[in-house]
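Colleague: File name my_file.cif; file contents mmCIF, C-alpha atoms; full text below.
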```cif
data_protein
loop_
_atom_site.label_atom_id
_atom_site.label_comp_id
_atom_site.auth_asym_id
_atom_site.auth_seq_id
_atom_site.Cartn_x
_atom_site.Cartn_y
_atom_site.Cartn_z
CA MET A 1 50.61 96.78 35.82
CA VAL A 2 51.48 96.38 32.15
CA LEU A 3 52.75 92.85 32.76
CA GLY A 4 49.66 92.07 34.83
CA ILE A 5 47.39 93.34 32.07
CA CYS A 6 49.29 91.27 29.46
CA TRP A 7 49.12 88.18 31.68
CA ALA A 8 45.38 88.68 32.19
CA LEU A 9 44.82 89.10 28.45
CA ALA A 10 46.91 86.01 27.67
CA THR A 11 45.11 84.01 30.32
CA ALA A 12 41.69 85.12 29.06
CA GLY A 13 42.69 84.33 25.47
CA GLY A 14 43.98 80.92 26.51
CA ILE A 15 40.80 80.19 28.44
CA TYR A 16 38.67 81.28 25.44
CA VAL A 17 40.66 79.23 22.97
CA THR A 18 40.82 76.19 25.24
CA PHE A 19 37.22 76.09 26.44
CA PHE A 20 35.31 77.75 23.61
CA GLN A 21 37.15 77.89 20.30
CA GLN A 22 38.97 74.55 20.38
CA PRO A 23 35.92 72.42 21.35
CA ALA A 24 33.92 74.01 18.54
CA GLU A 25 36.75 73.37 16.09
CA MET A 26 37.13 69.80 17.37
CA GLU A 27 33.41 69.22 16.95
CA ARG A 28 33.54 70.65 13.42
CA LEU A 29 36.53 68.47 12.52
CA THR A 30 34.87 65.40 14.04
CA LYS A 31 31.72 66.01 12.01
CA ALA A 32 33.81 66.61 8.92
CA GLU A 33 35.62 63.31 9.54
CA GLN A 34 32.30 61.51 10.00
CA VAL A 35 30.97 63.01 6.77
CA ALA A 36 34.15 61.98 4.98
CA SER A 37 33.84 58.44 6.39
CA MET A 38 30.20 58.27 5.33
CA LYS A 39 31.07 59.51 1.86
CA GLN A 40 33.89 56.96 1.67
CA ALA A 41 31.50 54.16 2.72
CA GLU A 42 28.90 55.43 0.27
CA LEU A 43 31.54 55.55 -2.46
CA SER A 44 32.63 51.99 -1.65
CA SER A 45 28.99 50.86 -1.73
CA LEU A 46 28.46 52.63 -5.05
CA MET A 47 31.60 51.02 -6.45
CA ALA A 48 30.39 47.59 -5.33
CA GLU A 49 26.95 48.23 -6.80
CA MET A 50 28.55 49.44 -10.01
CA THR A 51 30.69 46.30 -10.21
CA GLU A 52 27.63 44.13 -9.59
CA SER A 53 25.63 46.11 -12.15
CA GLU A 54 28.41 45.70 -14.71
CA SER A 55 28.43 41.97 -14.04
CA ARG A 56 24.66 41.77 -14.41
CA THR A 57 24.78 43.90 -17.53
CA SER A 58 27.45 41.63 -18.99
CA ASP A 59 25.32 38.56 -18.21
CA VAL A 60 22.26 40.18 -19.74
CA VAL A 61 24.20 41.15 -22.86
CA ILE A 62 25.58 37.62 -23.18
CA ARG A 63 22.11 36.14 -22.74
CA TRP A 64 20.67 38.66 -25.19
CA ASN A 65 23.32 37.85 -27.79
CA ALA A 66 22.76 34.13 -27.17
CA ARG A 67 19.00 34.26 -27.66
CA TYR A 68 17.67 31.74 -30.16
CA LYS A 69 13.92 32.32 -30.10
CA MET A 70 12.31 33.78 -33.20
CA MET A 71 9.19 35.90 -33.43
CA PRO A 72 7.94 35.96 -37.02
CA ARG A 73 6.65 39.24 -38.39
CA THR A 74 3.41 37.58 -39.43
CA LEU A 75 1.68 34.48 -38.14
CA SER A 76 -1.71 32.93 -38.75
CA SER A 77 -3.70 30.57 -36.60
CA GLU A 78 -3.46 28.00 -39.41
CA ASP A 79 0.33 27.92 -38.97
CA VAL A 80 -0.03 27.03 -35.30
CA VAL A 81 -2.65 24.37 -36.03
CA ALA A 82 -0.43 22.85 -38.75
CA LEU A 83 2.49 22.57 -36.30
CA LEU A 84 0.33 20.91 -33.65
CA ASN A 85 -1.17 18.49 -36.18
CA LYS A 86 2.33 17.50 -37.26
CA VAL A 87 3.48 16.79 -33.71
CA THR A 88 0.29 14.99 -32.61
CA ASN A 89 -0.36 12.82 -35.67
CA ARG A 90 0.68 9.72 -33.68
CA GLY A 91 -0.01 8.53 -30.17
CA PHE A 92 -2.83 11.02 -29.41
CA ASN A 93 -6.44 9.91 -29.12
CA PRO A 94 -7.98 12.42 -29.04
CA PHE A 95 -6.26 15.79 -29.39
CA ASP A 96 -8.62 18.77 -29.11
CA LEU A 97 -7.62 22.35 -29.90
CA SER A 98 -9.79 25.44 -29.55
CA PHE A 99 -9.02 29.06 -30.34
CA LYS A 100 -9.37 31.36 -27.33
CA GLU A 101 -8.28 34.88 -28.29
CA HIS A 102 -5.94 37.07 -30.32
CA VAL A 103 -3.98 39.73 -28.40
CA GLU A 104 -2.28 42.74 -29.99
CA SER A 105 0.08 45.14 -28.21
CA PRO A 106 2.95 47.52 -29.12
CA GLN A 107 5.48 44.99 -27.82
CA PHE A 108 4.15 41.77 -29.40
CA ASN A 109 1.09 39.97 -30.73
CA LYS A 110 -0.04 36.48 -29.84
CA PHE A 111 -2.60 33.76 -30.50
CA VAL A 112 -3.99 31.92 -27.49
CA PHE A 113 -5.29 28.35 -27.77
CA GLU A 114 -6.69 25.81 -25.34
CA ALA A 115 -5.44 22.25 -25.94
CA SER A 116 -6.52 18.98 -24.33
CA GLY A 117 -6.46 15.28 -25.06
CA ARG A 118 -4.85 12.03 -24.01
CA ALA A 119 -1.81 10.03 -25.06
CA ASP A 120 1.01 8.01 -23.59
CA PHE A 121 3.50 9.98 -21.51
CA PRO A 122 6.40 9.93 -24.06
CA SER A 123 4.10 11.49 -26.68
CA VAL A 124 2.94 14.22 -24.29
CA TYR A 125 6.55 14.88 -23.25
CA ASN A 126 7.60 15.18 -26.90
CA LEU A 127 4.76 17.65 -27.57
CA ILE A 128 5.71 19.93 -24.67
CA TRP A 129 9.43 19.66 -25.48
CA THR A 130 8.82 20.62 -29.11
CA LEU A 131 6.73 23.65 -28.21
CA GLU A 132 9.10 24.99 -25.57
CA ASN A 133 12.43 24.32 -27.34
CA SER A 134 11.65 25.09 -30.97
CA ARG A 135 12.99 28.26 -32.60
CA GLU A 136 9.53 29.83 -32.68
CA LEU A 137 8.40 31.47 -29.46
CA TYR A 138 5.63 29.39 -27.89
CA ARG A 139 4.67 29.30 -24.24
CA VAL A 140 2.86 26.46 -22.49
CA ASP A 141 0.93 27.61 -19.45
CA ASN A 142 -1.37 26.00 -16.88
CA LEU A 143 -0.33 22.45 -17.78
CA LYS A 144 -2.40 19.72 -16.08
CA LEU A 145 -1.67 15.98 -16.30
CA ASN A 146 -3.71 13.02 -15.04
CA HIS A 147 -3.21 9.31 -15.67
CA PHE A 148 -5.65 6.50 -16.34
CA ASP A 149 -5.41 2.85 -17.40
CA LEU A 150 -6.42 1.76 -20.88
CA VAL A 151 -6.77 -1.79 -22.20
CA SER A 152 -5.29 -2.19 -25.70
CA VAL A 153 -4.41 -4.99 -28.11
CA ASP A 154 -1.02 -5.31 -29.80
CA PRO A 155 -1.81 -5.38 -33.56
CA LEU A 156 1.18 -7.64 -34.29
CA THR A 157 0.81 -10.29 -31.59
CA LEU A 158 -2.90 -9.65 -30.83
CA ARG A 159 -1.98 -9.79 -27.16
CA GLN A 160 -3.95 -7.81 -24.66
CA LYS A 161 -2.09 -5.34 -22.50
CA MET A 162 -2.78 -2.60 -20.00
CA GLU A 163 -1.45 0.81 -21.02
CA VAL A 164 -0.99 3.82 -18.77
CA MET A 165 -2.31 6.86 -20.61
CA VAL A 166 -2.08 10.54 -19.66
CA SER A 167 -4.89 13.04 -20.04
CA PHE A 168 -3.62 16.60 -20.38
CA SER A 169 -4.74 20.17 -20.84
CA PHE A 170 -2.79 23.41 -21.25
CA THR A 171 -2.92 26.94 -22.63
CA LEU A 172 -0.70 27.64 -25.62
CA GLU A 173 0.49 31.14 -26.55
CA ALA A 174 2.07 31.71 -29.98
CA PHE A 175 3.94 35.04 -30.23
CA TYR A 176 4.74 37.06 -33.34
CA GLY A 177 5.41 40.62 -34.49
CA GLY A 178 7.65 41.68 -31.58
CA VAL A 179 9.50 44.97 -31.26
CA ALA A 180 12.74 45.41 -33.20
CA GLY A 181 15.61 43.38 -31.81
CA LEU A 182 13.46 40.98 -29.81
CA SER A 183 13.67 38.16 -32.34
CA ALA A 184 16.95 36.31 -32.75
CA ASP A 185 16.89 36.71 -36.52
CA ASP A 186 16.54 40.52 -36.46
CA GLU A 187 20.32 40.92 -36.72
CA LEU A 188 20.21 39.11 -40.06
CA GLU A 189 17.99 41.74 -41.61
CA GLY A 190 19.95 44.16 -43.77
CA ALA A 191 23.06 41.99 -43.74
CA PRO A 192 24.76 41.70 -47.16
CA LYS A 193 23.86 38.50 -48.97
CA SER A 194 25.64 36.90 -51.89
CA ALA A 195 24.01 36.27 -55.25
CA PHE A 196 23.73 32.61 -54.32
CA TYR A 197 22.02 33.30 -51.00
CA VAL A 198 18.73 31.43 -50.68
CA SER A 199 16.86 31.32 -47.37
CA VAL A 200 13.54 29.55 -47.02
CA ASP A 201 13.65 29.14 -43.25
CA PRO A 202 15.13 32.08 -41.26
CA ALA A 203 16.08 29.64 -38.50
CA SER A 204 18.53 27.99 -40.89
CA ASP A 205 20.57 31.21 -40.97
CA LEU A 206 21.09 31.17 -37.22
CA PRO A 207 23.84 29.20 -35.51
CA PRO A 208 22.63 25.85 -34.16
CA VAL A 209 21.81 25.58 -30.48
CA PRO A 210 24.17 23.15 -28.67
CA VAL A 211 22.29 20.04 -27.69
CA ASN A 212 23.80 20.01 -24.20
CA LEU A 213 22.15 23.38 -23.46
CA LEU A 214 18.65 22.05 -24.09
CA PRO A 215 16.64 19.73 -21.84
CA ALA A 216 16.74 16.01 -22.58
CA ARG A 217 14.95 15.21 -25.84
CA HIS A 218 13.39 12.06 -24.37
CA SER A 219 12.27 11.42 -20.83
CA LYS A 220 14.36 8.86 -18.94
CA MET A 221 11.35 7.59 -17.02
CA ASN A 222 7.58 7.59 -17.04
CA PRO A 223 6.43 8.98 -13.69
CA PHE A 224 2.86 7.90 -14.39
CA LYS A 225 3.62 4.22 -14.94
CA PRO A 226 3.45 2.19 -11.71
CA LEU A 227 5.74 -0.78 -11.26
CA ILE A 228 2.76 -2.95 -10.33
CA MET A 229 -0.72 -2.38 -11.71
CA GLN A 230 -3.61 -2.13 -9.27
CA SER A 231 -5.99 -4.08 -11.53
CA LEU A 232 -5.68 -6.57 -14.38
CA PRO A 233 -7.17 -5.96 -17.81
CA PRO A 234 -10.39 -7.84 -18.60
CA ASN A 235 -10.29 -10.90 -20.84
CA THR A 236 -12.09 -9.18 -23.71
CA GLN A 237 -10.60 -11.52 -26.35
CA ASN A 238 -11.80 -14.63 -24.57
CA LEU A 239 -8.30 -16.07 -24.36
CA VAL A 240 -7.50 -19.23 -22.41
CA ASP A 241 -7.19 -18.45 -18.71
CA MET A 242 -4.38 -20.56 -17.30
CA SER A 243 -5.77 -20.32 -13.78
CA ASP A 244 -8.71 -22.63 -14.49
CA ALA A 245 -7.65 -24.49 -17.65
CA SER A 246 -6.56 -28.13 -17.82
CA LEU A 247 -4.11 -29.87 -20.15
CA VAL A 248 -5.78 -32.77 -21.91
CA MET A 249 -3.07 -34.04 -24.24
CA ILE A 250 -0.11 -33.04 -26.36
CA ALA A 251 -0.26 -33.67 -30.08
CA GLY A 252 3.13 -33.10 -31.68
CA THR A 253 4.19 -29.56 -30.78
CA ASN A 254 0.69 -28.40 -29.73
CA ALA A 255 -0.98 -28.71 -26.36
CA ILE A 256 -4.70 -29.54 -26.25
CA VAL A 257 -6.24 -27.51 -23.44
CA GLU A 258 -9.76 -27.52 -22.05
CA TRP A 259 -11.10 -24.22 -20.76
CA GLY A 260 -14.72 -23.71 -19.99
CA GLU A 261 -16.75 -25.78 -22.41
CA ASN A 262 -14.28 -25.54 -25.31
CA THR A 263 -11.05 -27.23 -26.33
CA TYR A 264 -8.09 -25.24 -27.67
CA SER A 265 -4.89 -26.18 -29.48
CA LEU A 266 -1.97 -24.03 -28.32
CA GLY A 267 1.64 -23.94 -29.50
CA ILE A 268 4.73 -22.02 -28.45
CA GLY A 269 4.12 -18.28 -28.89
CA ASP A 270 0.31 -18.51 -28.89
CA SER A 271 -1.51 -15.98 -26.73
CA VAL A 272 -3.28 -16.80 -23.51
CA TYR A 273 -4.90 -14.46 -21.03
CA LEU A 274 -2.20 -12.08 -19.68
CA GLY A 275 0.62 -13.81 -21.55
CA HIS A 276 1.74 -16.41 -24.08
CA VAL A 277 2.89 -20.03 -24.26
CA ILE A 278 6.65 -20.46 -23.79
CA SER A 279 7.08 -24.25 -23.85
CA VAL A 280 5.29 -27.49 -24.75
CA ASP A 281 7.00 -30.63 -23.43
CA PRO A 282 5.50 -33.88 -24.82
CA ARG A 283 8.08 -35.99 -22.96
CA ASN A 284 6.98 -34.79 -19.51
CA GLY A 285 3.42 -33.91 -20.52
CA THR A 286 3.59 -30.25 -19.52
CA MET A 287 2.83 -26.86 -21.03
CA SER A 288 4.14 -23.56 -19.63
CA ALA A 289 3.00 -19.98 -20.17
CA ARG A 290 4.52 -16.70 -19.02
CA LEU A 291 1.97 -14.24 -17.63
CA ASP A 292 2.25 -10.53 -16.95
CA LYS A 293 0.04 -9.92 -13.94
CA GLY A 294 0.19 -6.13 -13.91
CA GLY A 295 3.98 -5.94 -13.69
CA ILE A 296 4.50 -9.24 -11.88
CA PHE A 297 5.76 -11.94 -14.25
CA ASP A 298 4.82 -15.49 -13.40
CA ASP A 299 5.43 -18.79 -15.21
CA VAL A 300 2.41 -21.07 -14.96
CA GLU A 301 2.64 -24.77 -15.82
CA LEU A 302 -0.15 -27.18 -16.76
CA ARG A 303 0.42 -30.93 -16.47
CA ILE A 304 -1.59 -33.82 -17.82
CA LYS A 305 -3.50 -35.13 -14.83
CA THR A 306 -4.51 -38.66 -15.85
CA ASP A 307 -1.52 -40.57 -17.14
CA ALA A 308 -3.57 -43.75 -17.54
CA LEU A 309 -5.85 -42.18 -20.17
CA TYR A 310 -3.44 -39.67 -21.76
CA LYS A 311 -0.05 -41.33 -21.50
CA GLN A 312 2.48 -39.57 -23.71
CA ALA A 313 5.36 -41.16 -25.58
CA ARG A 314 8.68 -41.12 -23.77
CA GLY A 315 11.72 -40.28 -25.84
CA ASN A 316 12.34 -38.50 -29.10
CA VAL A 317 9.62 -38.40 -31.75
CA GLU A 318 10.70 -40.36 -34.82
CA LEU A 319 9.01 -40.98 -38.17
CA SER A 320 8.16 -44.50 -39.26
CA PRO A 321 10.27 -45.88 -42.15
CA ASN A 322 7.46 -45.49 -44.69
CA GLN A 323 7.11 -41.75 -43.77
CA GLN A 324 10.77 -40.82 -43.85
#
```
Translate the structure described by the file into structure tokens.
Modeller:
Amino acid sequence: MVLGICWALATAGGIYVTFFQQPAEMERLTKAEQVASMKQAELSSLMAEMTESESRTSDVVIRWNARYKMMPRTLSSEDVVALLNKVTNRGFNPFDLSFKEHVESPQFNKFVFEASGRADFPSVYNLIWTLENSRELYRVDNLKLNHFDLVSVDPLTLRQKMEVMVSFSFTLEAFYGGVAGLSADDELEGAPKSAFYVSVDPASDLPPVPVNLLPARHSKMNPFKPLIMQSLPPNTQNLVDMSDASLVMIAGTNAIVEWGENTYSLGIGDSVYLGHVISVDPRNGTMSARLDKGGIFDDVELRIKTDALYKQARGNVELSPNQQ
């Protein structure tokens, strides 16, 4: 009976442990393992995020230490106008500038201007490049560009040409008075200076910006200039039009040409409509001109039509003995 009671107790204990206590313990251990795995995954994720954050922080610190923009403590609208006048004194016709507003905030202050005008594309490119890459902090916003054709006259050769101009408009923001540390020259304040230290321009105290880190100073191409013009400039100077002119005779090195109701004497280099004279050949009785027809270059030749009336000398021109 004692052995039977012991066997029954052992069996009951085994059944309890096997079917009740062990499954509960296994479930607890499984959940604990899952929690540990989740914590391990979370720890790995946090480590990865920390590594990424350190990398980003390092990049931000490098970029912050490499900043080159300056925000002056004080700035007047006259200073901004003076800079723009200096950059736009050539190639702009017209250049209009209007004051829009003055914004003050705890972080920075700024002047806002509206600019518009027209110029050739290299001049406009130089203006935008100067504003965006100078030491002072300027921002060009809402830039709009449109092209149009303009007939002009070369003051040296007096030749007429078609120019592709660009009309533009943009909003200019000039910043100043930023919070401490925002300007690149803030680190220079309070630094010990020698007795011979003279600084007129704070930007001169900063290390120069490598040229290869800035955009190209000059544009490699003009995206607004077509290879072939759609229309030819008008003949406002009343130059000889080679398309309906006739060669009458050649006198020495000059060609006598009839155009309309008038007679003209033209030599090598003289201007004609859309081009200039490139050769006068008294031996063959011809005159040639090179024309620029909106990007298409064409050599046009005029020849004396009536050899019986305007027969030219054959051979080299020589002076008579009494004129030598």
Colleague: Can you work out the spacing between atom CA of Glu136 of chain A and atom CA of Glu78 of chain A in Å, to one decimal?
Modeller: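 Computing it gives 14.7 Å between the two atoms.
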Colleague: Can you pull out the residues contacting Phe92 of chain A? Cut-off 9 Å, using only C-alpha atoms, and skip same-chain residues under 5 positions away; I want them as a list in words.
Modeller: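 My list of contacting residues is Gly117, Arg118, Ala119, Asp120, Ser123 and Val124 of chain A.
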Colleague: Just write the chosen residues, C-alpha atoms, as a PDB file, in the coordinates of the input.
Modeller:
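What landed in result.pdb:
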```
ATOM      1  CA  GLY A 117      -6.460  15.280 -25.060  1.00  0.00           C
ATOM      2  CA  ARG A 118      -4.850  12.030 -24.010  1.00  0.00           C
ATOM      3  CA  ALA A 119      -1.810  10.030 -25.060  1.00  0.00           C
ATOM      4  CA  ASP A 120       1.010   8.010 -23.590  1.00  0.00           C
ATOM      5  CA  SER A 123       4.100  11.490 -26.680  1.00  0.00           C
ATOM      6  CA  VAL A 124       2.940  14.220 -24.290  1.00  0.00           C
TER       7      VAL A 124
END
```
Colleague: Can you tell me, as an MDAnalysis selection string, what residues are no more than 6 Å from Gln107 of chain A when counting all atoms listed in the file, ignoring any on the same chain fewer than 2 positions away?
Modeller: chainID A and resid 105 178:179
Colleague: At what distance in Å, to one decimal, does atom CA of Phe19 of chain A lie from atom CA of Ile5 of chain A?
Modeller: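 Atom CA of Phe19 of chain A lies 20.8 Å from atom CA of Ile5 of chain A.
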Colleague: Apply the PyMOL selection byres ((chain A and resi 169) around 12) to the file shown and report the selected residues as a PyMOL selection string.
Modeller: chain A and resi 94-98+113-119+124+127-128+140-146+166-168+170-172
